[in-house]
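Q: My structure file input-v3.cif, mmCIF, C-alpha atoms and all ligand atoms, is below:
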data_structure
#
loop_
_atom_site.label_atom_id
_atom_site.label_comp_id
_atom_site.auth_asym_id
_atom_site.auth_seq_id
_atom_site.Cartn_x
_atom_site.Cartn_y
_atom_site.Cartn_z
CA MET A 1 40.95 25.64 -72.56
CA ILE A 2 38.33 27.75 -70.76
CA TYR A 3 35.75 25.25 -71.84
CA LYS A 4 37.78 22.33 -70.38
CA ASN A 5 38.26 24.16 -67.04
CA TYR A 6 34.57 24.93 -66.94
CA ASN A 7 33.78 21.19 -67.35
CA ASP A 8 36.22 20.29 -64.58
CA ILE A 9 34.68 22.85 -62.21
CA LEU A 10 31.21 21.58 -63.07
CA SER A 11 32.27 17.95 -62.39
CA ILE A 12 33.80 18.96 -59.05
CA LEU A 13 30.66 20.91 -58.15
CA ILE A 14 28.48 17.93 -59.07
CA ILE A 15 30.66 15.62 -56.97
CA PHE A 16 30.50 18.03 -53.96
CA THR A 17 26.75 18.42 -54.33
CA PHE A 18 26.36 14.65 -54.53
CA ILE A 19 28.50 14.16 -51.40
CA ASN A 20 26.43 16.85 -49.61
CA ILE A 21 23.17 15.19 -50.61
CA VAL A 22 24.45 11.79 -49.40
CA GLN A 23 25.54 13.40 -46.11
CA ILE A 24 22.17 15.12 -45.69
CA ILE A 25 20.33 11.87 -46.41
CA ASN A 26 22.59 10.01 -43.98
CA GLY A 27 22.01 12.69 -41.35
CA HIS A 28 18.24 12.42 -41.78
CA GLU A 29 18.40 8.64 -41.77
CA ASP A 30 20.00 8.81 -38.35
CA LYS A 31 17.31 11.20 -37.21
CA ILE A 32 14.57 9.01 -38.68
CA LEU A 33 16.05 5.96 -36.97
CA ALA A 34 16.30 7.88 -33.69
CA LEU A 35 12.67 8.97 -34.04
CA GLU A 36 11.56 5.42 -34.82
CA LYS A 37 13.41 4.24 -31.70
CA ARG A 38 11.71 6.89 -29.55
CA ILE A 39 8.28 5.90 -30.85
CA GLN A 40 9.05 2.24 -30.09
CA ASP A 41 10.21 3.17 -26.56
CA LEU A 42 7.10 5.24 -25.95
CA GLU A 43 4.88 2.43 -27.20
CA ALA A 44 6.71 0.00 -24.92
CA ARG A 45 6.22 2.32 -21.96
CA GLN A 46 2.53 2.79 -22.62
CA GLN A 47 0.65 1.68 -19.54
CA GLN A 48 -1.29 -1.57 -19.77
CA TYR A 49 -3.94 -2.05 -17.11
CA PRO A 50 -5.40 -5.16 -15.58
CA GLU A 51 -8.96 -5.72 -16.78
CA VAL A 52 -11.53 -4.11 -14.53
CA THR A 53 -15.15 -5.19 -14.21
CA PHE A 54 -17.62 -2.94 -15.98
CA LEU A 55 -20.15 -1.43 -13.58
CA THR A 56 -23.07 0.68 -14.73
CA TYR A 57 -23.43 4.22 -13.42
CA LYS A 58 -25.96 2.89 -10.89
CA ASP A 59 -23.59 0.32 -9.35
CA ARG A 60 -20.28 2.16 -9.72
CA LYS A 61 -19.25 4.08 -6.61
CA ARG A 62 -16.83 6.96 -6.22
CA ILE A 63 -14.55 5.88 -3.42
CA LEU A 64 -11.94 7.98 -1.62
CA ILE A 65 -9.06 6.13 0.04
CA THR A 66 -6.95 8.34 2.28
CA GLY A 67 -3.49 6.81 2.67
CA GLY A 68 -4.15 4.78 -0.49
CA ALA A 69 -0.49 4.79 -1.52
CA GLY A 70 0.50 2.93 1.63
CA PHE A 71 0.77 -0.78 2.29
CA VAL A 72 -2.87 -1.62 3.15
CA GLY A 73 -4.35 1.21 1.08
CA SER A 74 -2.68 0.09 -2.16
CA HIS A 75 -4.15 -3.41 -1.83
CA LEU A 76 -7.56 -1.90 -1.21
CA VAL A 77 -7.09 0.27 -4.33
CA ASP A 78 -6.35 -2.85 -6.39
CA ARG A 79 -9.44 -4.67 -5.18
CA LEU A 80 -11.86 -1.76 -5.63
CA MET A 81 -10.42 -0.90 -9.05
CA LEU A 82 -10.79 -4.50 -10.22
CA GLN A 83 -14.38 -4.43 -8.98
CA GLY A 84 -14.99 -1.53 -11.38
CA HIS A 85 -15.35 1.40 -8.96
CA GLU A 86 -13.90 4.89 -9.38
CA VAL A 87 -11.08 5.23 -6.87
CA ILE A 88 -9.53 8.47 -5.65
CA VAL A 89 -6.39 8.25 -3.54
CA ALA A 90 -5.43 11.16 -1.27
CA ASP A 91 -1.96 10.70 0.16
CA ASN A 92 0.93 12.93 1.19
CA PHE A 93 3.48 10.12 0.66
CA PHE A 94 4.83 10.34 4.19
CA THR A 95 5.17 6.56 4.35
CA GLY A 96 3.37 5.66 1.12
CA ARG A 97 4.94 5.29 -2.31
CA LYS A 98 3.73 6.10 -5.82
CA ARG A 99 5.16 2.75 -6.87
CA ASN A 100 2.49 0.93 -4.85
CA ILE A 101 -0.24 2.27 -7.12
CA GLU A 102 1.60 3.36 -10.26
CA HIS A 103 0.01 0.52 -12.24
CA TRP A 104 -3.30 2.44 -12.10
CA ILE A 105 -2.02 5.94 -12.89
CA GLY A 106 -3.72 7.14 -16.09
CA HIS A 107 -6.63 4.70 -15.83
CA GLU A 108 -9.93 6.51 -16.37
CA ASN A 109 -11.36 5.15 -13.08
CA PHE A 110 -8.35 6.21 -11.02
CA GLU A 111 -7.17 9.50 -9.58
CA LEU A 112 -4.23 10.30 -7.35
CA ILE A 113 -4.18 13.48 -5.27
CA ASN A 114 -1.05 14.57 -3.42
CA HIS A 115 -2.82 15.87 -0.34
CA ASP A 116 -2.16 16.11 3.38
CA ILE A 117 -5.47 15.31 5.09
CA VAL A 118 -4.68 17.66 7.95
CA ASN A 119 -5.99 20.19 5.38
CA PRO A 120 -9.64 19.99 4.27
CA LEU A 121 -10.45 18.21 1.02
CA PHE A 122 -13.49 19.08 -1.10
CA ILE A 123 -14.50 16.35 -3.50
CA GLU A 124 -17.63 14.37 -4.35
CA VAL A 125 -17.59 10.76 -3.18
CA ASP A 126 -19.95 7.99 -2.05
CA GLN A 127 -17.62 6.16 0.34
CA ILE A 128 -14.46 7.07 2.26
CA TYR A 129 -11.92 4.54 3.51
CA HIS A 130 -9.96 6.68 5.94
CA LEU A 131 -6.56 4.97 6.30
CA ALA A 132 -4.14 7.91 6.30
CA SER A 133 -1.87 7.67 9.33
CA PRO A 134 1.62 6.42 9.94
CA ALA A 135 1.19 2.89 11.27
CA SER A 136 4.51 1.51 12.48
CA PRO A 137 6.09 2.67 15.78
CA PRO A 138 9.21 4.32 14.25
CA HIS A 139 7.01 6.16 11.75
CA TYR A 140 4.40 7.40 14.21
CA MET A 141 7.02 8.28 16.84
CA TYR A 142 9.10 10.21 14.27
CA ASN A 143 6.74 13.19 14.53
CA PRO A 144 4.29 12.45 17.36
CA VAL A 145 2.55 15.83 17.11
CA LYS A 146 1.87 15.24 13.41
CA THR A 147 0.60 11.73 14.19
CA ILE A 148 -1.92 13.23 16.62
CA LYS A 149 -2.91 15.85 14.03
CA VAL A 150 -3.45 13.26 11.27
CA ASN A 151 -5.76 11.17 13.44
CA SER A 152 -7.59 14.08 15.07
CA ILE A 153 -7.71 17.03 12.63
CA GLY A 154 -7.39 14.68 9.64
CA THR A 155 -10.30 12.56 10.86
CA ILE A 156 -12.42 15.67 11.58
CA ASN A 157 -11.74 16.79 8.00
CA MET A 158 -12.80 13.44 6.58
CA LEU A 159 -15.90 13.30 8.77
CA GLY A 160 -16.70 16.85 7.62
CA LEU A 161 -16.38 15.72 4.01
CA ALA A 162 -18.60 12.70 4.75
CA ARG A 163 -21.21 15.02 6.26
CA ARG A 164 -21.12 17.43 3.32
CA VAL A 165 -21.55 14.81 0.61
CA ARG A 166 -23.46 12.26 2.76
CA ALA A 167 -20.80 9.60 2.20
CA ARG A 168 -20.21 6.58 4.42
CA LEU A 169 -16.84 6.62 6.19
CA LEU A 170 -14.81 3.63 7.35
CA PHE A 171 -12.11 4.51 9.85
CA ALA A 172 -8.98 2.34 10.06
CA SER A 173 -8.60 2.03 13.80
CA THR A 174 -6.19 -0.35 15.45
CA SER A 175 -5.75 -3.06 18.07
CA GLU A 176 -3.52 -0.47 19.79
CA VAL A 177 -6.70 1.03 21.26
CA TYR A 178 -6.58 -1.96 23.64
CA GLY A 179 -3.06 -0.92 24.75
CA ASP A 180 -1.37 -3.61 26.85
CA PRO A 181 -4.55 -5.65 27.32
CA GLU A 182 -5.55 -7.30 30.57
CA VAL A 183 -8.32 -9.19 28.80
CA HIS A 184 -7.45 -11.98 26.43
CA PRO A 185 -8.44 -12.41 23.62
CA GLN A 186 -9.61 -8.84 23.04
CA LYS A 187 -13.31 -8.31 22.43
CA GLU A 188 -14.66 -5.05 21.05
CA THR A 189 -16.37 -4.40 24.40
CA TYR A 190 -13.02 -4.24 26.22
CA PHE A 191 -12.10 -0.59 26.95
CA GLY A 192 -8.35 -1.19 26.85
CA ASN A 193 -5.34 -0.46 29.01
CA VAL A 194 -3.55 2.41 27.30
CA ASN A 195 -0.79 4.55 28.74
CA PRO A 196 -1.87 8.12 27.83
CA PHE A 197 1.58 9.54 28.49
CA GLY A 198 4.17 7.37 26.78
CA PRO A 199 6.01 7.02 23.47
CA ARG A 200 3.11 5.12 21.85
CA SER A 201 0.37 7.38 23.20
CA CYS A 202 0.49 9.74 20.17
CA TYR A 203 -0.81 6.84 18.06
CA ASP A 204 -2.94 4.89 20.55
CA GLU A 205 -4.72 7.86 22.04
CA SER A 206 -5.25 9.68 18.75
CA LYS A 207 -6.83 6.55 17.27
CA ARG A 208 -9.06 6.36 20.33
CA VAL A 209 -10.12 9.99 19.98
CA ALA A 210 -10.75 9.40 16.27
CA GLU A 211 -13.14 6.57 17.18
CA ALA A 212 -14.88 8.95 19.60
CA MET A 213 -15.18 11.54 16.79
CA CYS A 214 -16.75 8.97 14.48
CA TYR A 215 -19.27 8.16 17.18
CA ALA A 216 -20.02 11.86 17.79
CA TYR A 217 -20.52 12.60 14.08
CA ALA A 218 -22.74 9.55 13.69
CA LYS A 219 -24.89 10.54 16.66
CA GLN A 220 -25.02 14.29 16.12
CA GLU A 221 -24.84 14.58 12.33
CA GLY A 222 -26.32 11.26 11.24
CA ILE A 223 -23.17 10.20 9.37
CA SER A 224 -22.91 6.54 8.42
CA ILE A 225 -19.66 5.27 9.96
CA ARG A 226 -17.75 1.98 10.16
CA ILE A 227 -14.83 1.31 12.49
CA ALA A 228 -12.33 -1.45 11.78
CA ARG A 229 -9.98 -2.27 14.65
CA ILE A 230 -7.16 -3.71 12.60
CA PHE A 231 -4.73 -6.20 14.15
CA ASN A 232 -1.16 -6.75 12.91
CA THR A 233 -1.17 -7.16 9.16
CA TYR A 234 1.64 -8.17 6.83
CA GLY A 235 2.19 -8.79 3.12
CA PRO A 236 3.91 -7.53 -0.03
CA ARG A 237 4.36 -3.74 -0.32
CA MET A 238 5.06 -3.42 3.40
CA HIS A 239 7.65 -0.77 3.98
CA MET A 240 10.99 -2.59 4.18
CA ASN A 241 12.33 -0.49 7.04
CA ASP A 242 9.21 0.22 9.02
CA GLY A 243 10.54 -1.51 12.12
CA ARG A 244 7.61 -3.91 12.38
CA VAL A 245 8.18 -7.50 13.46
CA VAL A 246 7.49 -9.15 10.10
CA SER A 247 9.58 -6.80 7.99
CA ASN A 248 12.43 -6.76 10.53
CA PHE A 249 12.64 -10.55 10.81
CA ILE A 250 12.36 -11.20 7.07
CA LEU A 251 14.99 -8.61 6.17
CA GLN A 252 17.38 -9.83 8.85
CA ALA A 253 16.91 -13.47 7.80
CA LEU A 254 17.36 -12.66 4.09
CA GLN A 255 20.57 -10.77 4.80
CA ASN A 256 21.84 -13.37 7.31
CA GLU A 257 21.95 -10.71 9.99
CA PRO A 258 21.01 -11.54 13.61
CA ILE A 259 17.23 -11.76 14.05
CA THR A 260 16.51 -9.35 16.92
CA ILE A 261 13.87 -10.07 19.52
CA TYR A 262 13.07 -7.27 22.00
CA GLY A 263 12.33 -8.81 25.40
CA ASN A 264 12.24 -12.55 26.10
CA GLY A 265 10.22 -13.37 22.99
CA LYS A 266 7.31 -14.80 24.99
CA GLN A 267 5.03 -11.86 24.10
CA THR A 268 2.39 -12.96 21.60
CA ARG A 269 1.03 -11.51 18.38
CA SER A 270 -1.41 -12.68 15.76
CA PHE A 271 -0.74 -11.77 12.15
CA GLN A 272 -3.18 -11.49 9.28
CA TYR A 273 -2.33 -11.48 5.60
CA VAL A 274 -3.26 -8.28 3.81
CA SER A 275 -5.79 -9.81 1.38
CA ASP A 276 -7.81 -11.10 4.36
CA LEU A 277 -7.83 -7.58 5.81
CA VAL A 278 -9.00 -6.10 2.49
CA ASP A 279 -11.85 -8.65 2.35
CA GLY A 280 -12.81 -7.67 5.89
CA LEU A 281 -12.67 -3.90 5.25
CA ILE A 282 -14.86 -4.10 2.16
CA ALA A 283 -17.34 -6.43 3.87
CA LEU A 284 -17.53 -4.10 6.89
CA MET A 285 -17.98 -0.99 4.71
CA ASN A 286 -20.92 -2.62 2.95
CA SER A 287 -22.49 -4.12 6.08
CA ASN A 288 -25.11 -2.71 8.43
CA TYR A 289 -22.81 -2.77 11.44
CA SER A 290 -21.72 0.61 12.79
CA MET A 291 -19.98 -0.23 16.07
CA PRO A 292 -16.21 -0.97 16.24
CA MET A 293 -15.26 -4.37 14.84
CA ASN A 294 -12.03 -6.38 15.18
CA ILE A 295 -10.45 -7.45 11.89
CA GLY A 296 -7.53 -9.76 12.53
CA ASN A 297 -6.30 -13.31 12.55
CA PRO A 298 -6.80 -15.09 15.88
CA ASP A 299 -3.90 -17.55 15.33
CA GLU A 300 -1.50 -16.54 18.07
CA TYR A 301 2.28 -17.03 18.10
CA THR A 302 5.00 -15.97 20.46
CA ILE A 303 7.45 -13.56 18.87
CA GLU A 304 10.12 -16.21 19.39
CA GLN A 305 8.13 -18.86 17.49
CA PHE A 306 7.63 -16.34 14.79
CA ALA A 307 11.33 -15.53 14.50
CA PHE A 308 12.25 -19.20 14.05
CA LYS A 309 9.42 -19.78 11.57
CA ILE A 310 10.61 -16.91 9.37
CA ARG A 311 14.22 -18.06 9.59
CA ASP A 312 13.18 -21.57 8.46
CA LEU A 313 11.00 -20.30 5.60
CA VAL A 314 13.79 -18.05 4.33
CA GLY A 315 16.29 -20.90 4.71
CA SER A 316 18.63 -18.60 6.58
CA GLN A 317 21.48 -19.33 8.98
CA ALA A 318 20.89 -16.08 10.91
CA LYS A 319 21.28 -16.18 14.71
CA VAL A 320 18.35 -15.18 16.93
CA ILE A 321 19.39 -12.61 19.54
CA TYR A 322 17.56 -10.91 22.44
CA ARG A 323 17.60 -7.22 23.36
CA ASP A 324 15.96 -5.12 26.12
CA PRO A 325 12.16 -4.94 25.86
CA VAL A 326 10.54 -1.91 24.25
CA ILE A 327 8.56 0.51 26.51
CA ASP A 328 4.81 -0.22 26.60
CA ASP A 329 5.16 -3.21 24.25
CA PRO A 330 1.94 -5.23 24.72
CA LYS A 331 2.53 -8.69 26.22
CA GLN A 332 -0.24 -10.37 24.29
CA ARG A 333 -2.47 -9.63 21.34
CA ARG A 334 -5.20 -11.72 19.84
CA PRO A 335 -8.51 -10.61 18.38
CA ASP A 336 -11.84 -12.10 19.27
CA ILE A 337 -13.49 -12.12 15.84
CA THR A 338 -16.90 -13.49 16.80
CA LEU A 339 -18.54 -10.24 15.67
CA ALA A 340 -16.89 -10.24 12.24
CA LYS A 341 -17.80 -13.88 11.74
CA SER A 342 -21.44 -13.39 12.60
CA TRP A 343 -22.07 -9.97 10.98
CA LEU A 344 -19.82 -10.20 7.92
CA ASN A 345 -19.48 -13.94 7.53
CA TRP A 346 -15.77 -13.08 7.43
CA GLU A 347 -12.76 -14.89 8.77
CA PRO A 348 -9.14 -15.00 7.62
CA LYS A 349 -8.40 -17.55 4.88
CA VAL A 350 -4.68 -17.24 4.18
CA LEU A 351 -2.42 -19.63 6.11
CA LEU A 352 0.56 -18.06 7.85
CA ASN A 353 3.12 -20.05 5.84
CA ASP A 354 1.48 -19.08 2.52
CA GLY A 355 1.29 -15.42 3.42
CA LEU A 356 4.85 -15.36 4.72
CA ASN A 357 6.18 -17.06 1.59
CA LYS A 358 4.58 -14.37 -0.58
CA THR A 359 5.97 -11.63 1.62
CA ILE A 360 9.44 -13.19 1.66
CA ALA A 361 9.38 -13.45 -2.16
CA TYR A 362 8.47 -9.77 -2.37
CA PHE A 363 11.23 -8.68 0.01
CA ARG A 364 13.78 -10.90 -1.75
CA ASN A 365 13.00 -9.16 -5.03
CA GLU A 366 12.96 -5.77 -3.37
CA LEU A 367 16.53 -6.32 -2.21
CA LEU A 368 17.53 -7.09 -5.81
CA VAL A 369 16.25 -3.77 -7.14
CA LYS A 370 19.31 -1.64 -7.84
CA GLN A 371 18.10 0.94 -10.38
CA HIS A 372 15.21 3.34 -10.56
CA SER A 373 13.96 1.75 -13.78
CA GLU A 374 13.64 -1.68 -12.13
CA ARG A 375 10.23 -2.66 -10.81
CA ASN A 376 9.32 -5.17 -8.13
CA VAL A 377 5.72 -5.59 -9.12
CA PHE A 378 3.37 -7.54 -6.93
CA PHE A 379 0.44 -9.12 -8.77
CA PRO A 380 -2.60 -9.91 -6.65
CA ASN A 381 -4.19 -13.28 -7.50
CA GLU A 382 -7.01 -11.68 -9.44
CA TRP A 383 -4.62 -10.12 -11.94
CA LEU A 384 -3.44 -13.49 -13.10
CA HIS A 385 -6.80 -13.91 -14.82
CA SER A 386 -6.30 -10.67 -16.66
CA SER A 387 -5.02 -10.91 -20.24
CA ASN A 388 -3.03 -7.71 -19.82
CA VAL A 389 -0.78 -8.95 -17.08
CA ASN A 390 1.78 -10.59 -19.32
CA THR A 391 2.23 -7.48 -21.38
CA MET A 392 2.99 -5.21 -18.41
CA LYS A 393 6.55 -3.95 -18.53
CA THR A 394 8.27 -5.02 -15.36
CA THR A 395 11.72 -6.07 -14.41
CA LYS A 396 10.85 -8.44 -11.65
CA ASN A 397 7.38 -9.87 -11.31
CA ILE A 398 6.25 -12.02 -8.48
CA GLU A 399 3.41 -14.25 -9.55
CA LEU A 400 1.51 -15.29 -6.48
N1 LIG B 1 -0.61 -2.52 8.92
C1 LIG B 1 -1.04 -2.83 10.11
O1 LIG B 1 -0.62 -3.84 10.71
C2 LIG B 1 -2.08 -1.97 10.79
C3 LIG B 1 -2.57 -2.37 12.04
C4 LIG B 1 -3.52 -1.56 12.65
C5 LIG B 1 -4.00 -0.42 12.04
N2 LIG B 1 -3.50 -0.07 10.83
C6 LIG B 1 -4.01 1.19 10.23
O2 LIG B 1 -4.25 1.01 8.85
C7 LIG B 1 -3.91 2.21 8.14
C8 LIG B 1 -2.93 1.89 7.02
O3 LIG B 1 -1.74 1.31 7.58
P1 LIG B 1 -0.52 0.82 6.66
O4 LIG B 1 0.08 -0.35 7.32
O5 LIG B 1 -0.97 0.72 5.25
O6 LIG B 1 0.48 2.04 6.85
P2 LIG B 1 1.32 2.83 5.75
O7 LIG B 1 2.24 3.71 6.50
O8 LIG B 1 1.88 1.90 4.75
O9 LIG B 1 0.19 3.69 5.04
C9 LIG B 1 -0.31 4.89 5.58
C10 LIG B 1 -0.51 5.86 4.42
O10 LIG B 1 -1.02 7.10 4.94
C11 LIG B 1 -0.32 8.16 4.31
N3 LIG B 1 -0.37 9.34 5.18
C12 LIG B 1 0.21 9.51 6.39
N4 LIG B 1 -0.05 10.74 6.85
C13 LIG B 1 -0.83 11.36 5.93
C14 LIG B 1 -1.41 12.64 5.83
N5 LIG B 1 -1.26 13.56 6.78
N6 LIG B 1 -2.14 12.93 4.72
C15 LIG B 1 -2.29 12.03 3.73
N7 LIG B 1 -1.76 10.80 3.78
C16 LIG B 1 -1.02 10.46 4.85
C17 LIG B 1 1.09 7.62 4.13
O11 LIG B 1 1.84 8.34 3.18
C18 LIG B 1 0.78 6.20 3.70
O12 LIG B 1 0.59 6.11 2.31
C19 LIG B 1 -3.35 3.18 9.18
O13 LIG B 1 -4.37 4.06 9.56
C20 LIG B 1 -2.98 2.30 10.34
O14 LIG B 1 -3.07 2.98 11.57
C21 LIG B 1 -2.55 -0.81 10.18
#
Reformat the file's structure so that it appears as structure tokens.
Ligand SMILES: NC(=O)c1ccc[n+]([C@@H]2O[C@H](COP(=O)([O-])OP(=O)(O)OC[C@H]3O[C@@H](n4cnc5c(N)ncnc54)[C@H](O)[C@@H]3O)[C@@H](O)[C@H]2O)c1

A:
Amino acid sequence: MIYKNYNDILSILIIFTFINIVQIINGHEDKILALEKRIQDLEARQQQYPEVTFLTYKDRKRILITGGAGFVGSHLVDRLMLQGHEVIVADNFFTGRKRNIEHWIGHENFELINHDIVNPLFIEVDQIYHLASPASPPHYMYNPVKTIKVNSIGTINMLGLARRVRARLLFASTSEVYGDPEVHPQKETYFGNVNPFGPRSCYDESKRVAEAMCYAYAKQEGISIRIARIFNTYGPRMHMNDGRVVSNFILQALQNEPITIYGNGKQTRSFQYVSDLVDGLIALMNSNYSMPMNIGNPDEYTIEQFAFKIRDLVGSQAKVIYRDPVIDDPKQRRPDITLAKSWLNWEPKVLLNDGLNKTIAYFRNELLVKQHSERNVFFPNEWLHSSNVNTMKTTKNIEL
């Protein structure tokens, strides 16, 4: 009897143990599957980079781009990275975004520093593209004192760095130094017509003083400087709500909201596509020309013509409406680019319709982004030749 009970207990124990073992194995299987899934996810997230040119130590430069996470800066980053240089971005993300340059984060030639250039920066570099500054009127008027500090103290800091490491510095100046010009088109020799005491003066005058600082450092300290007077530029990665004409009109047209013109629309502007600007900046940096140089597209349109063109390209039914003019809004703007043509052999290549179509495609996709994990990645033309491009993990890619 005892013997029989003992056998029963043993059988029950064996069955329990067996069930336990099965449960343990099942539990581990789940964990193993979960681990396998995590490894797959991590592998999928692993950054793939576009192919960069190999440059020897002799040819490779260490290049600092202040404001490199912004609209223009990020395109410059792409181009210099693809050329095989070491690129360091210093940006405080006031108007810039990590997303604009995230495709390079982790690359051995790339470094991102979260830094406000109003504070000194001590690094070793060969060239400095000094772009850090809010650029659109709502951004630079948001904190006018800070705008003045960025362009004055910030520029002094960058010139100080250039002096310490004997680097060449290119300053991103602006057509705003001409103010509301009385000379048309604007040549570099024109001194401008700027209101020193108005809502735009924090930007216009601080860019002018920054040019004067570049001149003083060049003369007194022997620093090699380049000054690009940049005219209106547009393209993918522009800030959607920066209040500039191109972004405003495209967004309004895409959303079938009234396209707003301030004033009668007869004021003129000339717009250059961002890749043309990047070509011009790099050519100027590597040239022998050290006086200010206009970099812009001389094709001139009235704001009204521009509004209707964008509406047609978007295929929108939006109405065009007129509002009171903005204070100190220049009546006409058009660069004379004779200098750039003769010294750099540079002139804009991208047709307005082509550039606008790329920008519209970018904004259209940007409006579709609804979750943090979604990406609206812009591929510059050069990337399309890179074998890595197709393997990059993106939600929405614009191939241009
Ligand atoms: N885009 C144009 O049409 C245009 C025309 C004329 C001149 N520019 C000049 O070109 C440069 C770039 O313009 P953008 O259109 O790319 O503007 P943007 O606003 O997209 O980029 C400016 C970048 O500078 C950074 N920045 C601002 N303050 C800073 C600070 N204190 N420290 C570090 N970083 C700071 C911003 O975060 C941003 O990434 C600016 O200097 C602008 O004045 C642009």

Q: Determine, counting all atoms listed in the file, which protein, DNA and RNA residues have an atom within 8 Å of an atom of Ala162 in chain A; residues of the same chain fewer than 4 positions away are not included. Present the result as a list in words.

A: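 After dropping sequence-adjacent residues, the list is Gln127, Ile128, Met158, Arg166, Ala167, Arg168, Leu169 and Ile223 of chain A.
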
Q: Could you work out an axis-aligned bounding box for all listed atoms of ligand LIG 1 (chain B), with 5 Å added on each of the six sides, and give its centre and edge lengths in Å to one decimal, as JSON?

A:
{"center_x": -1.1, "center_y": 4.9, "center_z": 7.5, "size_x": 16.6, "size_y": 27.4, "size_z": 20.3}

Q: Expressed in Å to a single decimal, how great is the separation between CA of Leu80 in chain A and CA of Met291 in chain A?

A: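 Between CA of Leu80 in chain A and CA of Met291 in chain A the gap is 23.2 Å.
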
Q: What does the structure give for the distance between CA of Thr359 in chain A and CA of Lys187 in chain A, in Å to one decimal?

A: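 A separation of 28.6 Å between them.
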
Q: Find the residues near Val89 in chain A: any atom within 6 Å, counting only C-alpha atoms, skip ones fewer than 2 places away on the same chain, and give them as JSON, numbers by chain.

A: {"A": [64, 65, 66, 68, 112, 113]}

Q: Write a file of the selected residues as a PDB file, keeping the file's coordinate frame, keeping C-alpha atoms.

A:
ATOM      1  CA  LEU A  64     -11.940   7.980  -1.620  1.00  0.00           C
ATOM      2  CA  ILE A  65      -9.060   6.130   0.040  1.00  0.00           C
ATOM      3  CA  THR A  66      -6.950   8.340   2.280  1.00  0.00           C
ATOM      4  CA  GLY A  68      -4.150   4.780  -0.490  1.00  0.00           C
ATOM      5  CA  LEU A 112      -4.230  10.300  -7.350  1.00  0.00           C
ATOM      6  CA  ILE A 113      -4.180  13.480  -5.270  1.00  0.00           C
TER       7      ILE A 113
END

Q: Could you give me, as a ChimeraX atom specification, the residues within 12 Å of Ala212 in chain A, counting all atoms listed in the file and dropping anything in the same chain fewer than 5 positions from it?

A: /A:151-152,155-156,159,171,173,177,205-207,217-220,225,227,291-292

Q: What is the atom C4 of ligand LIG 1 (chain B) to CA of Tyr234 in chain A distance in Å?

A: 10.2 Å

Q: Around ligand LIG 1 (chain B), which protein and nucleic acid residues have at least one atom no more than 6 Å from it, if we count all atoms listed in the file? List them as a PyMOL selection string.

A: chain A and resi 66-73+90-96+115-118+131-135+150+172-174+230-233

Q: Would you pick out the contacts of Ile303 in chain A at 8 Å or less, using all atoms listed in the file, so that residues sharing its chain but fewer than 4 positions from it are not included, and give the list as a list in words?

A: Ile261, Gly265, Lys266, Gln267, Thr268, Arg269 and Ala307 of chain A
